[in-house]
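Participant: Structure incoming, see below.
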Amino acid sequence: MNSVFTAKLLQNLRNKKANKGFTLIELLVVVIIIGVLAAVALPNLLGQVGKARETEAKNGVGTINRAQQAYHFERRTFSPDLDDTALAGQNALGVILDSEYYTFDITAAGSADDATVDASPVNAANDGVRAYSGGINHNGGAYTTAVCQEVTIGDGLPTPTPGAACPAGTNIN
């Protein structure tokens with residue numbers, strides 16, 4: 001190879017190394033790509049946050065159903081005033097009956113056959129959560145339980161019918 005050509009090539013490469021950095025176009029492309037990725041990922045992330053909050057209601061309804069079953073097994077009636085204190089007194093796992101996202105309401109009225117629990121969202125639209133209801137029924141020595149969820153946010157509580165059956169399309173058991 002020609003030595004003059006080699007020298008000019010090396011000199012040109014050395015000068016290019018001195019111009020380090022990114023052009024404005026390169027920076028703009030990177031910012032646009034990050035913006036598109038964020039626009040696609042953010043709604044998916046917010047949906048997952050709502051699902052995580054709904055898990056609190058599902059767990060609370062299930063725990064209260066199991067506590068009602070234990071109470072009924074011992075006393076032959078469902079507890080009308082089941083709360084954290086009553087759960088602790090039965091050596092059952094406690095559940096937070098009023099949380100940041102849900103309020104729990106237990107209806108049994110000392111019934112020997114049925115009890116229900118409602119998990120009502122405090123602010124369904126802002127928190128992205130649905131309502132949940134649960135029911136427990138005792139019939140002929142067997143217990144039947146159900147956990148029902150609202151189909152879409154704002155539909156209202158999907159209250160189980162006597163016998164612990166959810167309205168059509170709301171059963172999550």
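In the structure tokens, chains take the letters A, B, ... in the order shown, each chain's residues start at 1, and ligands count up from 1 in the order shown.
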Using only C-alpha atoms, determine which residues lie at most 12 Å from Phe78 (chain A), disregarding the query and same-chain residues fewer than 3 positions distant; provide the list as a count of residues only.

Facilitator: 31

Participant: How many Å separate CA of Gly128 (chain A) from CA of Val40 (chain A)?

Facilitator: 18.2 Å

Participant: Please identify all polymer residues within 6 Å of Tyr132 (chain A), counting only C-alpha atoms, omitting same-chain residues fewer than 5 positions from it, and present them as a PyMOL selection string.

Facilitator: chain A and resi 119+148-149

Participant: With N, CA and C atoms retained, could you export that selection as a PDB file, in the first residue's frame?

Facilitator:
```
ATOM      1  N   ALA A 119     -67.137  -7.188  49.494  1.00  0.00           N
ATOM      2  CA  ALA A 119     -65.940  -6.358  49.449  1.00  0.00           C
ATOM      3  C   ALA A 119     -66.231  -5.229  48.462  1.00  0.00           C
ATOM      4  N   CYS A 148     -67.583 -14.293  44.108  1.00  0.00           N
ATOM      5  CA  CYS A 148     -68.068 -13.710  42.862  1.00  0.00           C
ATOM      6  C   CYS A 148     -67.380 -12.368  42.646  1.00  0.00           C
ATOM      7  N   GLN A 149     -67.090 -12.051  41.369  1.00  0.00           N
ATOM      8  CA  GLN A 149     -66.478 -10.760  41.068  1.00  0.00           C
ATOM      9  C   GLN A 149     -67.342  -9.982  40.088  1.00  0.00           C
TER      10      GLN A 149
END
```

Participant: Going by DSSP on the backbone, which residues of region 1-164 of chain A come out as helix (DSSP H, G or I)? List them as a PyMOL selection string.

Facilitator: chain A and resi 3-18+24-75+84-89+124-127

Participant: When you draw a straight line from CA of Lys58 (chain A) to CA of Leu45 (chain A), how long is it in Å?

Facilitator: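 Separation of CA of Lys58 (chain A) and CA of Leu45 (chain A): 20.3 Å.
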
Participant: Let me make sure I understand: among A:Arg130, A:Gly50, A:Ala168, A:Asn139, which one has the smallest atom-to-atom distance to Thr152 (chain A) if we use only C-alpha atoms?

Facilitator: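 Ranked by minimum distance to Thr152 (chain A), first place goes to A:Arg130.
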
Participant: So that I can check the surroundings of Asn123 (chain A), please list as a ChimeraX atom specification every protein, DNA and RNA residue that reaches within 9 Å of it, counting only C-alpha atoms and ignoring chain neighbours fewer than 5 positions away.

Facilitator: /A:101-102,128-129

Participant: Quote the spacing between CA of Ser120 (chain A) and CA of Phe104 (chain A) in Å to one decimal place.

Facilitator: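 Distance reported for this atom pair: 6.4 Å.
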
Participant: Compare A:Leu10, A:Ile153, A:Ala38, A:Ser79 by their minimum atom-to-atom distance to Lys51 (chain A), counting only C-alpha atoms, and give me the closest one.

Facilitator: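 Checking each candidate against Lys51 (chain A), we get A:Ile153 as the closest.
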
Participant: As a tab-separated table (two decimals) with N, CA and C atoms, in the first residue's frame, please: the residues near Ser99 (chain A) (cut-off 10 Å, only C-alpha atoms, same-chain neighbours under 6 positions excluded).

Facilitator:
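Written out: selection.tsv:
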```
chain	number	residue	atom	x	y	z
A	56	GLU	N	-56.37	-8.41	47.22
A	56	GLU	CA	-56.70	-8.15	48.62
A	56	GLU	C	-58.16	-8.50	48.90
A	57	ALA	N	-59.06	-8.12	48.00
A	57	ALA	CA	-60.48	-8.41	48.19
A	57	ALA	C	-60.75	-9.92	48.09
A	121	PRO	N	-65.44	-1.63	46.74
A	121	PRO	CA	-64.32	-0.71	46.51
A	121	PRO	C	-64.58	0.66	47.12
A	122	VAL	N	-63.54	1.24	47.69
A	122	VAL	CA	-63.65	2.59	48.24
A	122	VAL	C	-63.78	3.60	47.10
```
